[in-house]
Amino acid sequence: MSKEYLHNPEWDRILSSSDNKTWRRFGPYLSERQWGTVREDYSDHGFAWGSFTHDMARSKAYRWGEDGIAGLSDHKQQFCFSVAMWNGKDPILKERLFGLANHEGNHGEDVKELYYYLDSTPTHTYMKMLYKYPMQPFPYDKLLQENKRRSKLETEYELIDTGIFDQDEYFDVFVEYAKAKSDDILAKITVVNRSKKTAPFHLLPTAWFRNSWSWGHDDYQPELIAMPKDKAIRIKYRMQKDAFLHYEGEPELLFCENETNWEKLEGGKNEKAYAKDGINDYVVHGHADSVNPDLRGTKSALYWKKNLKAGEEWVIRLRMSTRTAKAFEDFDQVFADRLKEADDFYQGLQKGVKDPELLNIQRQAYAGMLWSKQFYLYDVNQWLNGDPKFNKSSHHRRAGRNSSWRHLVNNNIISMPDKWEYPWYAAWDLAFHCIPLARVDPNFTKRQLLLMLREYYMHPNGQIPAYEWNFSDVNPPVHAWSAWKVYSIDKERSGEGDIEFLEKIFHKLLMNFTWWVNQKDTSGNNLFEGGFLGLDNIGVFDRSHGLPAGGRMEQADATAWMAMYSLNMLRMALEISQTRPYYQEMASKFFEHFLSIAGAMFNIGKEGVDLWDETDEFYYDAVHLENGATQILKVRSIVGIIPLFAVEVLRPELLEALPDFTRRLQWVLRNRPDLGSLISRWYEHGKGETRMLSLVRVHRLKCILRRMLDEAEFLSDYGIRGLSKYHKDHPYEYSFDGQTHTVHYLPGESDSSMFGGNSNWRGPVWFPINYLIVESLMKFHDYYGESFRLEYPTGSGNFLTLDKIATNISERLINIFRKNEKGERVFHGNTEKFQKDPHFNNHLLFYEYFNGDDGRGLGASHQTGWTGLVAELIHLTSKKKAHHN
């Protein structure tokens, strides 16, 4: 093991915590939005955003999870804690983050708050988050009305645009956690008045139990009980040792029940007094009868009020522990110890990174990924059937959304794309999350990949569940690629590979691979019709539905993803074969499967259709109409670049160690010259028998890269665009039956409602695709070497090796976050407050995607999930620079 991992307390915890019963039991597992999710939708019409709204959330008990600000929970979300607050002017307590539902925003759903994940260790022994709360009334209605007014051709209207921060009339609320032991958690809340005047602040740290007793399955009810003499709240839950929430000072103790206020919502009768919104009504409206005078319930808050002077800091300390006394005697020391351990952990992890700017970007990227874990509960069969007491289900509903996934039972901690905008797992997003996460927490990462393939997740037919809105949607098959990357990163760290993990996931993936072959290659010609493939509006029309003209589509990207899948499985089989030689037969299977797909891409399919266009020298999708005609959809998009991802280099020492596989490979070369010609030839005499398996030969490689590296087409100052800029002046049009479908270059937000209109692949820069491009270029360089150079950028007269091109693209992506010569970060756009204010400009947001022309952040603002790949790019570029030096 490398030196940076030795004698490090956090690494000891990471590698010893194989389950959630130790240091990982408590973490930031609380969602930031439970309302508006599929799980909470019990309507017949399936309109999740409308059936459970933000306004309802403070009064209605959730069925499947909880939400809060800067919150934490145990690993099954029985007990929850978060920070609520009030500025004395808002119509409601700030208990949860506000945002627009999908139908309310001009570009779909969008959180309208300012908050930042600043730090976290993998086992959450130290965490820090910042929430910015305005002093003036929060502009709920203004945000709603202005975004409704704006068209899809206009930008989104954000909280910063309302001007509410212009005079610095806001509070910075820093929330920090430190663990003394796995069940001994310290919390420190620091409120800072950033204005030039005295202002009131109401702070309500809130503890509660997820409601698991109201639905008719289990009537056991836990309880929170005040112990004012001991300055604590007793936390009672069955089969758990009593814990205590200790506090200092003299806060007012408020208690109610985490139960629905039916009287407020539907004019009905409440089963119990003191409903879920009781604390809100007491603080905001002064309703003394809305909280329990007996100081007990299933929801409680510690209520402090203070007038903060200009610039004043106010610190509140809390501790949740099984200890009964002396809760604060070692409080400051525990915090100091855990922060030092966090610094030591990252110092070792980032030892090759020298630039302070990059150190900050990378650490906040890791923090965002670690804060974005979430407890996710969803029993589809129970959800479809409804509950004995509430949420009764109709026949229409039982046959509706996700009704073919009744086996699926989710009850785990999962890495989420974004805990507000995407508070549900997305299978292909998760594959990318796992790359940077493997650097900081290999055990957690491996469990994440295996989880999606467990029998209670993966469909019996072998399909991996996509996401809760439609588990049957088809995402790119990148799980095998991620598994191999995670294995390789872990092997680099530890010095030996986890073959048990690799073998286990290989067997699971065999089922998924077979599903793809059986379900998405309807003609049996190795050309695949993947459908949606996670790229939203990339195509001429919605690829998740049938073609408007009938027939079927053969997708260059679906076929390329399957070629890549074959090579990923081949590489895993070869690795396993070194200790289990009988896996060489599996390696041969995937070797020949790859060749069959490559052959189809080179015009060997039954249809005689080549997805490669010789005139344009680019890959396109093909549409086969019901009348037998075939049309090529000449859209220059990343669909035509994805074939680059299907590449693998096999070294001579590996081939020598596996004689059975090598003999089969040589037999194919001799006896199937039509397929053997698709493999690049011996590299050069001095290199030995190094082989490269690639979907594109050298001519096509040069052609694709010539377009991709052209700044007038794909190459942006901030990475590779999703669509060629060529289509700005030359939109692609497809006409059929009196209708014309158009694809044109859009560097920013989408101008249509396809997939909700909240993401756009027709021009912006997306990190997952860019990361795969960088990795593929490095593999091609590994084979072709220093003598292979291409013009970069195209037309510049400057020729570079492929590894240097990959590094330059990585730098362009990193520059989205790094301060430029003006001291500005381009992802902030032209917002002066973000760029110049010292209380803003070093706090980072990791957006879903980025404007293809100016690098401005777009979409979900906390999607550290796959945008967290910037941490891995920093690691790789810094390592490469250190090697050259």
# chains A, B, ... in the order shown; residues from 1 in each chain; ligands from 1
>>> residues_around(residues="His862 (chain A)", least_positions_apart="6", cutoff="7 Å", atoms="only C-alpha atoms", output="MDAnalysis selection string")
chainID A and resid 418 845:847
>>> write_last_selection(atoms="N, CA, C and O atoms", output="compact mmCIF listing (two decimals), in the first residue's frame")
# COMPACT_ATOMS: atom_id res chain seq x y z
N ASP A 418 -28.02 14.29 -7.65
CA ASP A 418 -28.25 15.59 -7.04
C ASP A 418 -29.41 15.38 -6.07
O ASP A 418 -30.48 14.93 -6.48
N LEU A 845 -19.98 25.32 -7.25
CA LEU A 845 -21.15 24.55 -7.65
C LEU A 845 -20.75 23.65 -8.81
O LEU A 845 -20.03 24.08 -9.72
N PHE A 846 -21.21 22.42 -8.78
CA PHE A 846 -20.86 21.45 -9.83
C PHE A 846 -22.13 21.14 -10.63
O PHE A 846 -22.94 20.30 -10.25
N TYR A 847 -22.26 21.85 -11.73
CA TYR A 847 -23.49 21.80 -12.51
C TYR A 847 -23.60 20.51 -13.32
O TYR A 847 -22.62 19.80 -13.56
>>> closest_atom_pairs(of="region 804-878 of chain A", to="region 784-796 of chain A", cutoff="10 Å", atoms="only C-alpha atoms", output="tab-separated table")
residue	atom	partner	partner_atom	distance
A:Lys804	CA	A:Arg789	CA	9.5
A:Ile805	CA	A:Tyr792	CA	7.1
A:Asn808	CA	A:Tyr792	CA	9.5
>>> write_last_selection(atoms="all heavy atoms", output="CSV table (one decimal), in the first residue's frame")
chain,number,residue,atom,x,y,z
A,804,LYS,N,-1.1,14.2,-25.3
A,804,LYS,CA,-1.1,15.7,-25.0
A,804,LYS,C,-2.4,16.3,-25.4
A,804,LYS,O,-2.9,17.3,-24.7
A,804,LYS,CB,0.1,16.3,-25.8
A,804,LYS,CG,1.4,16.0,-25.2
A,804,LYS,CD,2.6,16.8,-25.9
A,804,LYS,CE,3.9,16.7,-25.1
A,804,LYS,NZ,4.3,15.3,-24.9
A,805,ILE,N,-3.1,15.8,-26.4
A,805,ILE,CA,-4.4,16.3,-26.8
A,805,ILE,C,-5.4,16.0,-25.6
A,805,ILE,O,-6.2,16.8,-25.2
A,805,ILE,CB,-4.9,15.7,-28.1
A,805,ILE,CG1,-4.0,16.3,-29.3
A,805,ILE,CG2,-6.3,16.0,-28.3
A,805,ILE,CD1,-4.3,15.6,-30.6
A,808,ASN,N,-4.8,18.3,-22.8
A,808,ASN,CA,-5.3,19.7,-23.1
A,808,ASN,C,-6.8,19.8,-23.0
A,808,ASN,O,-7.4,20.7,-22.4
A,808,ASN,CB,-4.9,20.1,-24.5
A,808,ASN,CG,-5.2,21.6,-24.8
A,808,ASN,OD1,-6.3,21.9,-25.2
A,808,ASN,ND2,-4.3,22.5,-24.5
>>> closest_residue(among="A:Lys264, A:Ile233, A:Lys389, A:Ser566", to="Asp219 (chain A)", atoms="only C-alpha atoms")
A:Lys389
>>> select_by_dssp(residues="region 644-838 of chain A", states="strand (DSSP E or B)", output="PyMOL selection string")
chain A and resi 647-650+691-694+715-716+719-721+723+732-736+739-743+765+789-791+799-801
>>> residues_around(residues="Thr155 (chain A)", least_positions_apart="6", cutoff="12 Å", atoms="only C-alpha atoms", output="PyMOL selection string")
chain A and resi 105-108+146-149+161+747-751+758+829+851+856-859
>>> write_last_selection(atoms="C-alpha atoms", output="compact mmCIF listing (two decimals), in the first residue's frame")
# COMPACT_ATOMS: atom_id res chain seq x y z
CA GLY A 105 -39.72 26.34 -14.57
CA ASN A 106 -39.02 27.51 -18.09
CA HIS A 107 -36.35 24.80 -18.26
CA GLY A 108 -37.90 22.21 -15.99
CA GLU A 146 -40.90 35.13 -13.37
CA ASN A 147 -39.84 31.63 -14.40
CA LYS A 148 -43.36 30.87 -15.56
CA ARG A 149 -43.32 34.08 -17.61
CA ASP A 161 -31.15 37.40 -9.98
CA PRO A 747 -24.94 25.90 -26.51
CA GLY A 748 -27.10 26.35 -23.42
CA GLU A 749 -30.53 25.28 -22.21
CA SER A 750 -32.95 23.29 -24.31
CA ASP A 751 -35.57 25.15 -26.36
CA ASN A 758 -34.33 20.56 -18.17
CA GLY A 829 -21.17 33.34 -15.90
CA ASN A 851 -22.61 26.12 -21.98
CA ARG A 856 -21.53 28.76 -17.83
CA GLY A 857 -23.06 26.14 -15.49
CA LEU A 858 -26.47 24.76 -16.52
CA GLY A 859 -29.09 22.34 -15.26
>>> residues_around(residues="region 59-72 of chain A", least_positions_apart="3", cutoff="9 Å", atoms="only C-alpha atoms", output="tab-separated table (two decimals) with C-alpha atoms, in the first residue's frame")
chain	number	residue	atom	x	y	z
A	26	PHE	CA	-24.89	7.92	10.34
A	27	GLY	CA	-24.23	10.19	7.42
A	28	PRO	CA	-25.72	12.87	5.13
A	29	TYR	CA	-28.33	10.37	4.00
A	30	LEU	CA	-31.26	12.76	4.24
A	31	SER	CA	-32.72	13.84	0.91
A	32	GLU	CA	-33.06	17.50	0.01
A	33	ARG	CA	-36.39	16.93	-1.73
A	34	GLN	CA	-38.83	14.13	-1.02
A	35	TRP	CA	-41.88	15.97	-2.35
A	39	ARG	CA	-42.41	7.38	-4.56
A	40	GLU	CA	-44.71	9.93	-2.90
A	52	PHE	CA	-47.24	16.21	-3.56
A	55	ASP	CA	-46.39	23.71	-0.10
A	56	MET	CA	-47.89	20.40	1.06
A	77	GLN	CA	-33.44	6.73	8.02
A	79	PHE	CA	-33.95	8.99	12.95
A	80	CYS	CA	-33.35	12.30	11.16
A	81	PHE	CA	-31.77	15.62	12.03
A	82	SER	CA	-31.55	18.85	10.05
A	83	VAL	CA	-31.38	22.62	10.51
A	84	ALA	CA	-34.50	24.78	10.20
A	94	LYS	CA	-37.15	27.37	6.16
A	95	GLU	CA	-37.26	23.62	6.83
A	96	ARG	CA	-36.47	22.40	3.34
A	97	LEU	CA	-35.03	23.77	0.12
A	117	TYR	CA	-20.99	21.29	0.23
A	128	LYS	CA	-19.22	20.89	6.57
A	129	MET	CA	-21.93	22.64	4.58
A	130	LEU	CA	-22.97	26.25	3.99
A	131	TYR	CA	-26.50	27.61	3.49
A	175	VAL	CA	-23.29	23.39	9.61
A	176	GLU	CA	-20.50	21.07	10.74
A	210	ARG	CA	-39.46	8.95	9.70
A	211	ASN	CA	-43.12	8.00	9.81
A	212	SER	CA	-43.23	4.20	9.49
A	214	SER	CA	-49.21	5.36	9.89
A	215	TRP	CA	-49.64	3.04	6.93
A	258	ASN	CA	-44.60	13.64	12.24
A	259	GLU	CA	-48.21	13.11	11.15
A	260	THR	CA	-50.29	14.59	8.35
A	261	ASN	CA	-52.43	17.63	9.10
A	262	TRP	CA	-55.53	16.36	7.29
A	264	LYS	CA	-55.40	21.78	6.86
A	265	LEU	CA	-54.91	19.84	3.64
A	275	ALA	CA	-49.42	17.55	13.40
A	276	LYS	CA	-46.21	17.76	11.35
A	277	ASP	CA	-46.54	21.52	10.76
A	278	GLY	CA	-47.10	22.30	14.44
A	375	PHE	CA	-31.07	6.68	1.88
A	376	TYR	CA	-33.43	5.45	-0.83
A	377	LEU	CA	-36.49	3.37	0.05
A	378	TYR	CA	-38.86	2.15	-2.65
A	379	ASP	CA	-40.73	-1.16	-2.53
>>> residues_around(residues="region 184-189 of chain A", least_positions_apart="4", cutoff="10 Å", atoms="only C-alpha atoms", output="count of residues only")
41
>>> select_by_dssp(residues="region 270-459 of chain A", states="alpha helix (DSSP H)", output="PyMOL selection string")
chain A and resi 278-285+331-349+356-371+380-385+395-398+427-440+442-451
>>> residues_around(residues="region 297-308 of chain A", least_positions_apart="5", cutoff="7 Å", atoms="only C-alpha atoms", output="ChimeraX atom specification")
/A:193,198-209,222-225,251-258
>>> write_last_selection(atoms="N, CA, C and O atoms", output="tab-separated table (two decimals), in the first residue's frame")
chain	number	residue	atom	x	y	z
A	193	ASN	N	-23.86	37.06	10.48
A	193	ASN	CA	-24.60	38.17	9.89
A	193	ASN	C	-23.67	38.89	8.92
A	193	ASN	O	-22.71	39.55	9.33
A	198	THR	N	-28.02	45.20	12.47
A	198	THR	CA	-28.49	44.16	13.37
A	198	THR	C	-29.75	43.52	12.79
A	198	THR	O	-30.62	44.21	12.25
A	199	ALA	N	-29.83	42.20	12.89
A	199	ALA	CA	-30.98	41.50	12.32
A	199	ALA	C	-31.31	40.28	13.19
A	199	ALA	O	-30.41	39.66	13.75
A	200	PRO	N	-32.59	39.93	13.29
A	200	PRO	CA	-32.98	38.76	14.09
A	200	PRO	C	-32.77	37.45	13.32
A	200	PRO	O	-32.92	37.41	12.09
A	201	PHE	N	-32.45	36.41	14.07
A	201	PHE	CA	-32.32	35.08	13.46
A	201	PHE	C	-32.94	34.06	14.41
A	201	PHE	O	-32.66	34.05	15.60
A	202	HIS	N	-33.80	33.23	13.85
A	202	HIS	CA	-34.44	32.17	14.61
A	202	HIS	C	-33.84	30.83	14.15
A	202	HIS	O	-33.95	30.48	12.97
A	203	LEU	N	-33.25	30.11	15.05
A	203	LEU	CA	-32.57	28.85	14.72
A	203	LEU	C	-33.32	27.69	15.37
A	203	LEU	O	-33.58	27.71	16.57
A	204	LEU	N	-33.62	26.66	14.56
A	204	LEU	CA	-34.38	25.52	15.06
A	204	LEU	C	-33.76	24.20	14.59
A	204	LEU	O	-34.25	23.57	13.63
A	205	PRO	N	-32.67	23.76	15.21
A	205	PRO	CA	-32.19	22.40	14.92
A	205	PRO	C	-33.32	21.41	15.23
A	205	PRO	O	-33.92	21.46	16.31
A	206	THR	N	-33.62	20.54	14.27
A	206	THR	CA	-34.83	19.72	14.35
A	206	THR	C	-34.48	18.24	14.27
A	206	THR	O	-33.70	17.82	13.41
A	207	ALA	N	-35.08	17.46	15.17
A	207	ALA	CA	-34.90	16.00	15.17
A	207	ALA	C	-36.26	15.35	15.04
A	207	ALA	O	-37.25	15.83	15.61
A	208	TRP	N	-36.33	14.25	14.30
A	208	TRP	CA	-37.61	13.57	14.13
A	208	TRP	C	-37.41	12.15	13.64
A	208	TRP	O	-36.31	11.76	13.24
A	209	PHE	N	-38.47	11.37	13.71
A	209	PHE	CA	-38.48	10.00	13.19
A	209	PHE	C	-39.24	9.95	11.88
A	209	PHE	O	-40.29	10.59	11.74
A	222	PRO	N	-41.95	5.31	17.74
A	222	PRO	CA	-40.85	5.76	18.60
A	222	PRO	C	-41.22	7.09	19.26
A	222	PRO	O	-42.31	7.63	19.02
A	223	GLU	N	-40.32	7.64	20.06
A	223	GLU	CA	-40.67	8.85	20.77
A	223	GLU	C	-39.45	9.68	21.12
A	223	GLU	O	-38.37	9.15	21.40
A	224	LEU	N	-39.65	10.99	21.10
A	224	LEU	CA	-38.68	11.97	21.59
A	224	LEU	C	-39.26	12.60	22.84
A	224	LEU	O	-40.42	13.03	22.84
A	225	ILE	N	-38.47	12.64	23.91
A	225	ILE	CA	-38.97	13.12	25.20
A	225	ILE	C	-38.01	14.15	25.77
A	225	ILE	O	-36.79	13.92	25.84
A	251	PRO	N	-32.72	27.00	25.12
A	251	PRO	CA	-33.66	27.07	24.00
A	251	PRO	C	-35.07	26.67	24.45
A	251	PRO	O	-35.24	25.95	25.44
A	252	GLU	N	-36.04	27.11	23.72
A	252	GLU	CA	-37.41	26.65	23.95
A	252	GLU	C	-37.56	25.28	23.30
A	252	GLU	O	-37.10	25.07	22.17
A	253	LEU	N	-38.17	24.34	24.00
A	253	LEU	CA	-38.33	22.99	23.49
A	253	LEU	C	-39.71	22.84	22.86
A	253	LEU	O	-40.73	23.07	23.53
A	254	LEU	N	-39.74	22.49	21.59
A	254	LEU	CA	-41.00	22.38	20.83
A	254	LEU	C	-41.17	20.95	20.34
A	254	LEU	O	-40.22	20.36	19.77
A	255	PHE	N	-42.39	20.39	20.50
A	255	PHE	CA	-42.67	19.01	20.11
A	255	PHE	C	-43.99	18.93	19.37
A	255	PHE	O	-44.96	19.62	19.70
A	256	CYS	N	-44.00	18.07	18.36
A	256	CYS	CA	-45.24	17.73	17.66
A	256	CYS	C	-45.10	16.32	17.13
A	256	CYS	O	-44.16	15.60	17.52
A	257	GLU	N	-45.98	15.91	16.25
A	257	GLU	CA	-45.92	14.57	15.67
A	257	GLU	C	-45.60	14.66	14.17
A	257	GLU	O	-46.05	15.59	13.49
A	258	ASN	N	-44.86	13.71	13.69
A	258	ASN	CA	-44.60	13.64	12.24
A	258	ASN	C	-45.79	12.95	11.58
A	258	ASN	O	-45.70	11.85	11.05
>>> closest_residue(among="A:Asp242, A:Asp616, A:Glu648, A:Asp41", to="Trp383 (chain A)", atoms="only C-alpha atoms")
A:Asp41
>>> atom_distance(atom1="CA of Leu144 (chain A)", atom2="CA of Asp172 (chain A)")
24.0 Å
>>> closest_atom_pairs(of="region 761-803 of chain A", to="region 628-636 of chain A", cutoff="12 Å", atoms="only C-alpha atoms", output="tab-separated table")
residue	atom	partner	partner_atom	distance
A:Trp761	CA	A:Arg636	CA	11.8
A:Arg762	CA	A:Arg636	CA	9.8
A:Gly763	CA	A:Arg636	CA	10.5
>>> write_last_selection(atoms="N, CA and C atoms", output="mmCIF file, in the first residue's frame")
data_model
loop_
_atom_site.group_PDB
_atom_site.id
_atom_site.type_symbol
_atom_site.label_atom_id
_atom_site.label_comp_id
_atom_site.auth_asym_id
_atom_site.auth_seq_id
_atom_site.Cartn_x
_atom_site.Cartn_y
_atom_site.Cartn_z
ATOM 1 N N TRP A 761 -28.522 18.104 -24.842
ATOM 2 C CA TRP A 761 -27.303 17.496 -25.394
ATOM 3 C C TRP A 761 -26.970 18.057 -26.773
ATOM 4 N N ARG A 762 -27.639 19.128 -27.171
ATOM 5 C CA ARG A 762 -27.432 19.668 -28.519
ATOM 6 C C ARG A 762 -26.479 20.866 -28.504
ATOM 7 N N GLY A 763 -25.333 20.689 -27.888
ATOM 8 C CA GLY A 763 -24.336 21.752 -27.913
ATOM 9 C C GLY A 763 -23.539 21.956 -26.652
#
